[in-house]
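File shown: input-v9.pdb. Contents: PDB, C-alpha atoms, pLDDT in the B column.
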```
ATOM      1  CA  MET A   1       0.000   0.000   0.000  1.00 77.00           C
ATOM      2  CA  GLY A   2       1.255   3.457  -0.824  1.00 92.00           C
ATOM      3  CA  GLN A   3       1.698   6.568   1.248  1.00 96.00           C
ATOM      4  CA  ILE A   4       0.935  10.256   1.041  1.00 97.00           C
ATOM      5  CA  HIS A   5       3.619  12.646   2.287  1.00 97.00           C
ATOM      6  CA  LEU A   6       3.126  16.313   3.101  1.00 98.00           C
ATOM      7  CA  ARG A   7       5.858  18.903   3.391  1.00 97.00           C
ATOM      8  CA  HIS A   8       5.958  22.666   3.175  1.00 97.00           C
ATOM      9  CA  ASP A   9       8.276  24.865   1.156  1.00 95.00           C
ATOM     10  CA  GLN A  10       7.600  28.262   2.719  1.00 95.00           C
ATOM     11  CA  ASN A  11       3.871  28.908   2.046  1.00 97.00           C
ATOM     12  CA  ILE A  12       3.516  26.122  -0.519  1.00 98.00           C
ATOM     13  CA  ALA A  13       2.304  22.686   0.527  1.00 98.00           C
ATOM     14  CA  VAL A  14       3.812  19.778  -1.421  1.00 98.00           C
ATOM     15  CA  ILE A  15       1.785  16.560  -1.383  1.00 98.00           C
ATOM     16  CA  GLU A  16       3.770  13.573  -2.635  1.00 97.00           C
ATOM     17  CA  ILE A  17       2.211  10.293  -3.764  1.00 96.00           C
ATOM     18  CA  GLU A  18       4.433   7.284  -3.104  1.00 96.00           C
ATOM     19  CA  ASN A  19       3.585   3.760  -4.233  1.00 94.00           C
ATOM     20  CA  PRO A  20       6.775   2.117  -5.510  1.00 90.00           C
ATOM     21  CA  GLY A  21       6.378  -0.655  -8.038  1.00 87.00           C
ATOM     22  CA  ARG A  22       2.920   0.635  -9.048  1.00 91.00           C
ATOM     23  CA  LEU A  23       4.013   3.859 -10.806  1.00 94.00           C
ATOM     24  CA  ASN A  24       2.492   5.733  -7.859  1.00 94.00           C
ATOM     25  CA  ALA A  25      -1.037   4.474  -8.535  1.00 94.00           C
ATOM     26  CA  PHE A  26      -3.174   5.360  -5.547  1.00 90.00           C
ATOM     27  CA  SER A  27      -5.754   3.402  -3.613  1.00 92.00           C
ATOM     28  CA  ARG A  28      -9.132   4.538  -2.288  1.00 94.00           C
ATOM     29  CA  ALA A  29      -7.515   5.046   1.130  1.00 95.00           C
ATOM     30  CA  MET A  30      -4.799   7.225  -0.406  1.00 95.00           C
ATOM     31  CA  ARG A  31      -7.424   9.220  -2.337  1.00 95.00           C
ATOM     32  CA  ALA A  32      -9.320   9.832   0.905  1.00 96.00           C
ATOM     33  CA  GLU A  33      -6.107  10.920   2.620  1.00 96.00           C
ATOM     34  CA  ILE A  34      -5.352  13.384  -0.190  1.00 96.00           C
ATOM     35  CA  GLY A  35      -8.866  14.809   0.219  1.00 97.00           C
ATOM     36  CA  ARG A  36      -8.467  15.206   3.978  1.00 97.00           C
ATOM     37  CA  THR A  37      -5.076  16.830   3.479  1.00 97.00           C
ATOM     38  CA  LEU A  38      -6.438  19.307   0.927  1.00 97.00           C
ATOM     39  CA  ARG A  39      -9.338  20.233   3.239  1.00 97.00           C
ATOM     40  CA  ARG A  40      -6.893  20.881   6.111  1.00 97.00           C
ATOM     41  CA  LEU A  41      -4.683  22.974   3.846  1.00 97.00           C
ATOM     42  CA  ASN A  42      -7.686  24.958   2.636  1.00 96.00           C
ATOM     43  CA  ASP A  43      -8.348  26.013   6.229  1.00 96.00           C
ATOM     44  CA  ASP A  44      -4.682  26.904   6.851  1.00 95.00           C
ATOM     45  CA  GLN A  45      -4.256  30.646   6.290  1.00 95.00           C
ATOM     46  CA  SER A  46      -0.477  30.302   5.959  1.00 96.00           C
ATOM     47  CA  THR A  47      -0.716  27.945   2.952  1.00 97.00           C
ATOM     48  CA  THR A  48      -1.080  29.865  -0.304  1.00 97.00           C
ATOM     49  CA  ALA A  49      -0.778  26.984  -2.785  1.00 97.00           C
ATOM     50  CA  ALA A  50      -0.580  23.212  -2.982  1.00 97.00           C
ATOM     51  CA  VAL A  51       1.333  21.027  -5.424  1.00 97.00           C
ATOM     52  CA  ILE A  52       0.601  17.330  -5.900  1.00 97.00           C
ATOM     53  CA  THR A  53       3.491  15.303  -7.244  1.00 96.00           C
ATOM     54  CA  GLY A  54       4.785  11.740  -7.304  1.00 96.00           C
ATOM     55  CA  ARG A  55       7.956  10.326  -5.801  1.00 94.00           C
ATOM     56  CA  GLY A  56      10.305   8.389  -8.021  1.00 90.00           C
ATOM     57  CA  ASP A  57       9.972   7.876 -11.761  1.00 87.00           C
ATOM     58  CA  ALA A  58       6.277   8.616 -12.281  1.00 91.00           C
ATOM     59  CA  PHE A  59       3.682  11.163 -11.262  1.00 94.00           C
ATOM     60  CA  CYS A  60       0.695   8.822 -10.888  1.00 93.00           C
ATOM     61  CA  ALA A  61      -0.547   5.956 -13.051  1.00 93.00           C
ATOM     62  CA  GLY A  62      -4.125   6.414 -11.793  1.00 91.00           C
ATOM     63  CA  GLN A  63      -6.210   4.728  -9.141  1.00 90.00           C
ATOM     64  CA  ASP A  64      -6.142   1.016  -8.327  1.00 83.00           C
TER      65      ASP A  64
END
```

Since I need it in another form, could you write the structure as C-alpha cells?
Amino acid sequence: MGQIHLRHDQNIAVIEIENPGRLNAFSRAMRAEIGRTLRRLNDDQSTTAAVITGRGDAFCAGQD
C-alpha cells in the first residue's frame, strides 16, 4: 500500500504520492487521505498553494 507525504516549502504545501512498483497508482484510502489533506490545507491561512506530485519515476498511473 502506498503513502501520502506532506511537506511545506515556505507557504507552498507539497503533497507527494508514493507507491513504488505501481508507478504511484493510488488506492481509495490514499485518495481519501489526499482529500483530507487538501481540506486541512484549505483552512490553513499560511498555505497559499498546494502542489501534488509523485515520488520516483512517475507522477501517478491512476487509481487502483

Near-range 25-34 of chain A list (8 Å; all atoms listed in the file; drop same-chain fewer than 6 positions) as a JSON list (two decimals) with C-alpha atoms, in the frame of the given file:
```json
[["chain", "number", "residue", "atom", "x", "y", "z"],
["A", 1, "MET", "CA", 0.00, 0.00, 0.00],
["A", 2, "GLY", "CA", 1.25, 3.46, -0.82],
["A", 3, "GLN", "CA", 1.70, 6.57, 1.25],
["A", 4, "ILE", "CA", 0.94, 10.26, 1.04],
["A", 15, "ILE", "CA", 1.78, 16.56, -1.38],
["A", 17, "ILE", "CA", 2.21, 10.29, -3.76],
["A", 19, "ASN", "CA", 3.58, 3.76, -4.23],
["A", 60, "CYS", "CA", 0.70, 8.82, -10.89],
["A", 61, "ALA", "CA", -0.55, 5.96, -13.05],
["A", 62, "GLY", "CA", -4.12, 6.41, -11.79],
["A", 63, "GLN", "CA", -6.21, 4.73, -9.14],
["A", 64, "ASP", "CA", -6.14, 1.02, -8.33]]
```

*Between CA of Leu41 in chain A and CA of Ala58 in chain A, what is the distance, to one decimal in Å?*
24.2 Å

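We find CA of Val14 in chain A and CA of Gln45 in chain A to be spaced 15.6 Å apart.
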
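The shell of residues at most 10 Å from Ile12 in chain A, with only C-alpha atoms counted and near chain neighbours (fewer than 5 positions) removed, consists of Arg7, Leu41, Ser46, Thr47, Thr48, Ala49, Ala50 and Val51 of chain A.
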
Kindly export the residues of the current selection with C-alpha atoms, as a short mmCIF file (atom, residue, chain, number, x, y, z; two decimals), in the frame of the given file.
```cif
data_model
loop_
_atom_site.label_atom_id
_atom_site.label_comp_id
_atom_site.auth_asym_id
_atom_site.auth_seq_id
_atom_site.Cartn_x
_atom_site.Cartn_y
_atom_site.Cartn_z
CA ARG A 7 5.86 18.90 3.39
CA LEU A 41 -4.68 22.97 3.85
CA SER A 46 -0.48 30.30 5.96
CA THR A 47 -0.72 27.94 2.95
CA THR A 48 -1.08 29.86 -0.30
CA ALA A 49 -0.78 26.98 -2.78
CA ALA A 50 -0.58 23.21 -2.98
CA VAL A 51 1.33 21.03 -5.42
#
```

Each side padded by 6 Å, which centre and which edge lengths in Å (one decimal) define the axis-aligned box around the listed atoms of range 40-56 of chain A? Give them as JSON.
```
{"center_x": 1.0, "center_y": 19.5, "center_z": -0.6, "size_x": 30.7, "size_y": 34.3, "size_z": 26.9}
```

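CA of Arg39 in chain A lies 25.4 Å from CA of Leu23 in chain A.
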
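Shortest separation to Leu6 in chain A among A:Asn42, A:Gly35, A:Asp57, A:Ile52 occurs at residue A:Ile52, atoms counted being all atoms listed in the file.
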
*On this file, the PyMOL selection byres ((chain A and resi 55) around 6) gives some set of residues; write that set as an MDAnalysis selection string.*
chainID A and resid 18 54 56
